[in-house]
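So the structure is just underneath, and the comments pick up after that.
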Amino acid sequence: MIKQKIVKKSLDISGRTLSLEVGRFAEQANAAVIAQYGDTMVLATVVASSRETTLDYFPLSVEYVERLYAGGRIKGSRWVKREGRPSDDAVLSGRVIDRSIRPLFPKTYKHDVQVIVTVLSVDGVNDPDVLGLVAVSAALSISSIPWKGPVAGVRMGFVRGEDGAKSEDKYFVNPTITEQELSDFDFIVSSTKDKVLMLEGGFCETPEDVTYEAILKAKEANSKIIKLINELTEEVGKTKEKAPEATEAEDLKKKIVADYKKEMEAAFAKKAEKEYGGTEIAELAKTIVEANGGDYTAKAVEEALDGLFKKKIREDILTKGKRFDGRKTDEIRPLDADVGLLPRTHGSAMFKRGQTQVLTVVTLGTPSLEQLIESPAGEESKRYIHHYSMPPYSVGETGRIGTPNRREIGHGALAERALLAVIPTEEEFPYTIRLVSEVMSSNGSTSMASTCGSTLALMDAGVPIKEPVAGISIGLMTGKTKEYVLLTDILGIEDFSGDMDFKVAGTKNGITAIQLDVKIDGLTDEMMKETLERARIARMKILEKILSVLATPRKSLSKYAPKVSVVKIPTEKIGEVIGPGGKVIRMIMAETETTVDVDDDGSVVIAGTSTDSVNKAIDWVKGLTREVNVNEEFEGEVKRILPFGAFVEILPGKEGMVHVSQMSTGYVNSPDDVVKLGQKVKVRVMEVDDQHRINLSMLFGEDAKKVPPREHREAGPRRPFNRGPRRY
């Protein structure tokens, strides 16, 4: 067996070594690259099928595989130790890679291409997702698969200067996990040497100029990585296959234009304004197939007509400034919104922009309902969750209903990220928050409609968000020369026919989320800057509509929402709230009809269906943990009577004992002669002993002085029975 030659190339990025290695693993794949950054390692493999598929789209699949062994972990489930279906984070990482590499494949290449990224080692400092993107780019570059790369990607971080001093602003390229915690944004930028291909990020109301500067700095870093990949390709790269020419499709298009120009224009004019559906093109295709004696398949004719239809849309916009629905290039479709639509939910809102309509529903829960996420880097929790659902009826079609697909996971994550910066902290609002966006009708940018609807739904639920958030999608049409046209609020057909879907969400103060997909070889700096400004102007108009429906969050929560309060107690008092074997905390929950959770830091979370029950539990917890001082006076209830005295509850859950000698200045034969169960009595704290037991007295003023302390009384029994030691 011939030993494979191992080739390794390295580069310093932000003081850490990025290395690309070929020849160690997966020799039967078309190409395989190990990428390492710090002690984080990933393996990227690419394979193409030997035969072309008959699909009408490019069959690329990107799988991002997380292995818990990468972080030295075993799955926490008691029954299942093997990794299950990909986590949402893994799906999102795969989508970032897919969107970065897909535009650079030839349109005519129809072989099934599979990219697999396997996370092998995680050091808890460097993220594996962006490293996976670099590894995939290197693997595609050295493979024989036709591809117009390489690309590179970095994660950007940013810390503002004190008091807004721009000179002190600091940008981070590939920030460490610790640096990310300090950063104002989490921003991934992938690009070729000259153009931006993909953006994905969450921001803290970041101004457009700061975002643009981050993109430029990311491109500088990406250029260095691309140079490294090119060096590797020169040494070990394979000869690229040639992609087939699209001659047959072009010939068919020319014939249709020559022979069916009028019919084609009529069909295009009738085509419904919707993202999917419409029978006009299919009916014309059937006519053409029948007229030509079966020389062409219906599928080929439909594809040709679809291409001509998209070409017409592009030409109308580029040459006439005419959009499919007659709007100006910077015009937003009619807006509509409403709140409080669902009577028993905690908050709901509908947002509509043209034919795109989304219903978002808010559900509030206790902090214990937060989501736990397991990854190679460890476990983390989420108390704010956004889910997105796009059923088939939203586009007038039938289809499968089941687990969310990658698109739904991605759109939900984008809307979640858009609002994350304005969600109140747990200290400000001690609830787990779940939003679900139901797409009722889709015709362009449902994720941004979900963002707008979510803002209204949160305010309807009484969640004190810091600022309303709105979002918009900007499209792009490019010509054969350098001219281009930006399109505000793209339709579905403009998305399919165009070159870009650039989603930007934010508040009046700045950007909170960005997602960019392109179908061309990237965007210039000029396009980027102009798009960010166009999106800002549109966002302000949408925010006006949102505020006209509901200007501020509601002052109170829905009566159907749980009532949650957090009480802080000293950590040394936790045992008193829980009690032996959990006896006390179970009693609190049973008698107040609440749930009580105690954290190790002394936070006691109390939740119930009514404010009265929660307040009762709060008083109980506070009573258990409150320090009682000597000579304090209380009015308490007699809870228990024993031969030597009575136990009186002076605070919720806290009792003290009144000895018979402290019930009266005279002789008391039995406590029953003085007090009864349930009786309210006034008592004074005599002593709190070293075991925190409270001794009480019912004697005050001069009466208290008449009874000597127990340890100074004459010896001898005062009872016809031996009291024995105090045991309480």
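Residues are referred to by chain and number: the chain letter is A, B, ... according to the order shown in the structure tokens, the number counts from 1 in that chain, and ligands are numbered separately from 1 in the order shown.
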
Where does DSSP see alpha helix (DSSP H) in stretch 77-177 of chain A, if you list the residues as a PyMOL selection string? chain A and resi 88-101+128-142+177

Those same residues, written as an mmCIF file, in the first residue's frame with N, CA and C atoms?
data_model
loop_
_atom_site.group_PDB
_atom_site.id
_atom_site.type_symbol
_atom_site.label_atom_id
_atom_site.label_comp_id
_atom_site.auth_asym_id
_atom_site.auth_seq_id
_atom_site.Cartn_x
_atom_site.Cartn_y
_atom_site.Cartn_z
ATOM 1 N N ASP A 88 -30.460 22.310 15.953
ATOM 2 C CA ASP A 88 -30.744 23.511 15.154
ATOM 3 C C ASP A 88 -29.464 24.266 14.833
ATOM 4 N N ASP A 89 -28.536 24.323 15.790
ATOM 5 C CA ASP A 89 -27.272 25.014 15.545
ATOM 6 C C ASP A 89 -26.478 24.340 14.435
ATOM 7 N N ALA A 90 -26.506 23.013 14.401
ATOM 8 C CA ALA A 90 -25.804 22.289 13.337
ATOM 9 C C ALA A 90 -26.450 22.559 11.977
ATOM 10 N N VAL A 91 -27.773 22.594 11.949
ATOM 11 C CA VAL A 91 -28.484 22.907 10.699
ATOM 12 C C VAL A 91 -28.122 24.306 10.223
ATOM 13 N N LEU A 92 -28.093 25.263 11.142
ATOM 14 C CA LEU A 92 -27.769 26.644 10.780
ATOM 15 C C LEU A 92 -26.329 26.763 10.283
ATOM 16 N N SER A 93 -25.408 26.024 10.894
ATOM 17 C CA SER A 93 -24.013 26.031 10.431
ATOM 18 C C SER A 93 -23.919 25.461 9.021
ATOM 19 N N GLY A 94 -24.671 24.392 8.765
ATOM 20 C CA GLY A 94 -24.694 23.825 7.419
ATOM 21 C C GLY A 94 -25.252 24.793 6.396
ATOM 22 N N ARG A 95 -26.282 25.551 6.793
ATOM 23 C CA ARG A 95 -26.871 26.539 5.882
ATOM 24 C C ARG A 95 -25.896 27.667 5.564
ATOM 25 N N VAL A 96 -25.115 28.094 6.540
ATOM 26 C CA VAL A 96 -24.120 29.144 6.303
ATOM 27 C C VAL A 96 -23.113 28.682 5.247
ATOM 28 N N ILE A 97 -22.665 27.431 5.351
ATOM 29 C CA ILE A 97 -21.715 26.891 4.377
ATOM 30 C C ILE A 97 -22.366 26.749 3.011
ATOM 31 N N ASP A 98 -23.580 26.197 2.983
ATOM 32 C CA ASP A 98 -24.314 26.009 1.729
ATOM 33 C C ASP A 98 -24.465 27.330 0.988
ATOM 34 N N ARG A 99 -24.916 28.364 1.692
ATOM 35 C CA ARG A 99 -25.173 29.661 1.054
ATOM 36 C C ARG A 99 -23.889 30.343 0.598
ATOM 37 N N SER A 100 -22.748 29.954 1.177
ATOM 38 C CA SER A 100 -21.470 30.541 0.788
ATOM 39 C C SER A 100 -20.885 29.898 -0.464
ATOM 40 N N ILE A 101 -21.171 28.616 -0.686
ATOM 41 C CA ILE A 101 -20.534 27.905 -1.803
ATOM 42 C C ILE A 101 -21.456 27.701 -2.998
ATOM 43 N N PRO A 128 -16.058 26.060 15.688
ATOM 44 C CA PRO A 128 -15.811 25.154 14.560
ATOM 45 C C PRO A 128 -16.610 25.487 13.302
ATOM 46 N N ASP A 129 -17.680 26.326 13.406
ATOM 47 C CA ASP A 129 -18.553 26.521 12.249
ATOM 48 C C ASP A 129 -17.861 27.279 11.118
ATOM 49 N N VAL A 130 -17.210 28.403 11.427
ATOM 50 C CA VAL A 130 -16.503 29.163 10.390
ATOM 51 C C VAL A 130 -15.293 28.378 9.890
ATOM 52 N N LEU A 131 -14.650 27.636 10.774
ATOM 53 C CA LEU A 131 -13.542 26.775 10.365
ATOM 54 C C LEU A 131 -14.027 25.733 9.360
ATOM 55 N N GLY A 132 -15.249 25.223 9.569
ATOM 56 C CA GLY A 132 -15.831 24.276 8.623
ATOM 57 C C GLY A 132 -16.018 24.881 7.246
ATOM 58 N N LEU A 133 -16.439 26.145 7.198
ATOM 59 C CA LEU A 133 -16.608 26.831 5.915
ATOM 60 C C LEU A 133 -15.277 26.929 5.171
ATOM 61 N N VAL A 134 -14.204 27.286 5.876
ATOM 62 C CA VAL A 134 -12.883 27.381 5.253
ATOM 63 C C VAL A 134 -12.431 26.011 4.753
ATOM 64 N N ALA A 135 -12.667 24.968 5.547
ATOM 65 C CA ALA A 135 -12.270 23.614 5.154
ATOM 66 C C ALA A 135 -13.016 23.163 3.901
ATOM 67 N N VAL A 136 -14.313 23.478 3.830
ATOM 68 C CA VAL A 136 -15.107 23.098 2.659
ATOM 69 C C VAL A 136 -14.609 23.827 1.417
ATOM 70 N N SER A 137 -14.317 25.111 1.559
ATOM 71 C CA SER A 137 -13.802 25.878 0.428
ATOM 72 C C SER A 137 -12.502 25.274 -0.087
ATOM 73 N N ALA A 138 -11.618 24.888 0.835
ATOM 74 C CA ALA A 138 -10.351 24.273 0.436
ATOM 75 C C ALA A 138 -10.582 22.931 -0.246
ATOM 76 N N ALA A 139 -11.503 22.129 0.283
ATOM 77 C CA ALA A 139 -11.780 20.816 -0.303
ATOM 78 C C ALA A 139 -12.358 20.951 -1.708
ATOM 79 N N LEU A 140 -13.289 21.874 -1.904
ATOM 80 C CA LEU A 140 -13.849 22.089 -3.239
ATOM 81 C C LEU A 140 -12.798 22.616 -4.204
ATOM 82 N N SER A 141 -11.896 23.455 -3.699
ATOM 83 C CA SER A 141 -10.868 24.045 -4.557
ATOM 84 C C SER A 141 -9.902 22.985 -5.079
ATOM 85 N N ILE A 142 -9.527 22.013 -4.249
ATOM 86 C CA ILE A 142 -8.571 20.993 -4.685
ATOM 87 C C ILE A 142 -9.251 19.820 -5.373
ATOM 88 N N ILE A 177 -14.293 32.691 22.279
ATOM 89 C CA ILE A 177 -15.576 32.583 22.970
ATOM 90 C C ILE A 177 -15.698 33.674 24.035
#

Quick one: everything within 10 Å of A:Leu305, counting only C-alpha atoms, minus sequence neighbours fewer than 3 positions away in the same chain. Send it as a list in words.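 Residues meeting the cut-off are Leu252, Lys253, Ile256, Val257, Met264, Ala267, Phe268, Ile281, Ala282, Leu284, Ala285, Lys299, Ala300, Val301, Glu302, Leu308, Phe309, Lys310 and Lys311 of chain A.
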
Please identify the strand (DSSP E) residues within stretch 396-593 of chain A (assignment by DSSP from backbone atoms) and present them as number ranges by chain. A: 432-441, 470-478, 484-488, 500-506, 511-518, 563-568

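Excluding A:Val630 and any residue on its chain fewer than 3 positions from it, the residues at most 9 Å away by only C-alpha atoms are Glu633, Arg684, Val685, Met686, Glu687 and Val688 of chain A.
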
Using only C-alpha atoms, which of the listed residues (A:Asp460, A:Asp690, A:Glu467, A:Glu483) sits closest to A:Leu543?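 Residue with the minimum atom-to-atom distance to A:Leu543: A:Glu467.
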
By how many Å are atom CA of A:Ile514 and atom CA of A:Val189 apart?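 Calculated distance between atom CA of A:Ile514 and atom CA of A:Val189 is 10.5 Å.
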
Within 7 Å of A:Val596, counting only C-alpha atoms, which residues show up once you throw out same-chain ones fewer than 4 positions away? Write them as number ranges by chain, please. A: 589, 604-607

Select, from A:Val62, A:Val113, A:Ile34, A:Leu699, the residue with the minimum atom-to-atom distance to A:Ala48, counting only C-alpha atoms.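 Among A:Val62, A:Val113, A:Ile34, A:Leu699, it is A:Val113 that comes nearest to A:Ala48.
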
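Those residues that approach stretch 324-332 of chain A to within 6 Å, counting only C-alpha atoms, are A:Leu487, A:Thr488, A:Asp489; same-chain residues fewer than 3 positions away are not listed.
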
Given the selection you just returned, output its residues as a file containing N, CA and C atoms, formatted as a tab-separated table (two decimals), in the first residue's frame.
chain	number	residue	atom	x	y	z
A	487	LEU	N	-34.11	46.43	-5.21
A	487	LEU	CA	-35.57	46.33	-5.11
A	487	LEU	C	-35.96	46.21	-3.64
A	488	THR	N	-36.69	47.20	-3.13
A	488	THR	CA	-37.17	47.15	-1.76
A	488	THR	C	-38.41	46.26	-1.67
A	489	ASP	N	-38.43	45.37	-0.65
A	489	ASP	CA	-39.58	44.50	-0.41
A	489	ASP	C	-39.86	43.62	-1.62

Which residues are close to stretch 392-406 of chain A, i.e. within 9 Å by only C-alpha atoms, leaving aside same-chain residues fewer than 2 positions away? Reply as an mmCIF file with C-alpha atoms, in the first residue's frame.
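File produced: out.cif:
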data_model
loop_
_atom_site.group_PDB
_atom_site.id
_atom_site.type_symbol
_atom_site.label_atom_id
_atom_site.label_comp_id
_atom_site.auth_asym_id
_atom_site.auth_seq_id
_atom_site.Cartn_x
_atom_site.Cartn_y
_atom_site.Cartn_z
ATOM 1 C CA ASP A 88 -30.744 23.511 15.154
ATOM 2 C CA VAL A 91 -28.484 22.907 10.699
ATOM 3 C CA LEU A 92 -27.769 26.644 10.780
ATOM 4 C CA ARG A 95 -26.871 26.539 5.882
ATOM 5 C CA LYS A 274 -47.778 34.602 -6.016
ATOM 6 C CA GLU A 275 -44.619 32.868 -4.967
ATOM 7 C CA TYR A 276 -45.713 29.479 -6.296
ATOM 8 C CA GLY A 277 -48.587 28.188 -8.384
ATOM 9 C CA THR A 356 -47.218 37.919 2.726
ATOM 10 C CA GLN A 357 -49.087 37.357 5.983
ATOM 11 C CA TYR A 388 -41.343 29.324 12.410
ATOM 12 C CA SER A 389 -43.808 27.214 10.429
ATOM 13 C CA MET A 390 -44.661 27.518 6.736
ATOM 14 C CA GLU A 408 -38.060 26.745 8.547
ATOM 15 C CA ILE A 409 -35.290 26.325 11.123
ATOM 16 C CA GLY A 410 -33.242 29.027 9.408
ATOM 17 C CA HIS A 411 -36.102 31.521 9.127
ATOM 18 C CA VAL A 439 -47.075 31.749 7.824
ATOM 19 C CA MET A 440 -50.607 32.222 6.500
ATOM 20 C CA SER A 441 -49.621 33.440 3.044
ATOM 21 C CA SER A 442 -46.209 33.673 1.402
ATOM 22 C CA ASN A 443 -45.080 36.008 -1.345
#

Counting only C-alpha atoms, the option among A:Pro244, A:Val463, A:Met198, A:Ile542 closest to A:Ser556: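 Comparing A:Pro244, A:Val463, A:Met198, A:Ile542 against A:Ser556, the winner is A:Val463.
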
Which residue is closest to A:Ser558? Choose from A:Asp599, A:Leu364, A:Ser437, A:Lys219 and count only C-alpha atoms.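 Result for the nearest residue to A:Ser558: A:Leu364.
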
Counting only C-alpha atoms, the option among A:Ser375, A:Gln662, A:Ser381, A:Ser447 closest to A:Gly84: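 Selected residue with least distance to A:Gly84: A:Ser375.
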
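For the pair atom CA of A:Thr425 and atom CA of A:Lys352, the separation is 29.3 Å.
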
For a test of reading the model, state the distance in Å between atom CA of A:Gln371 and atom CA of A:Thr206, rounded to one decimal.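 Computed distance, atom CA of A:Gln371 to atom CA of A:Thr206, equals 27.4 Å.
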
Nearest residue to A:Ser50 out of A:Phe185, A:Pro468, A:Val567, A:Ser144, using only C-alpha atoms? A:Ser144
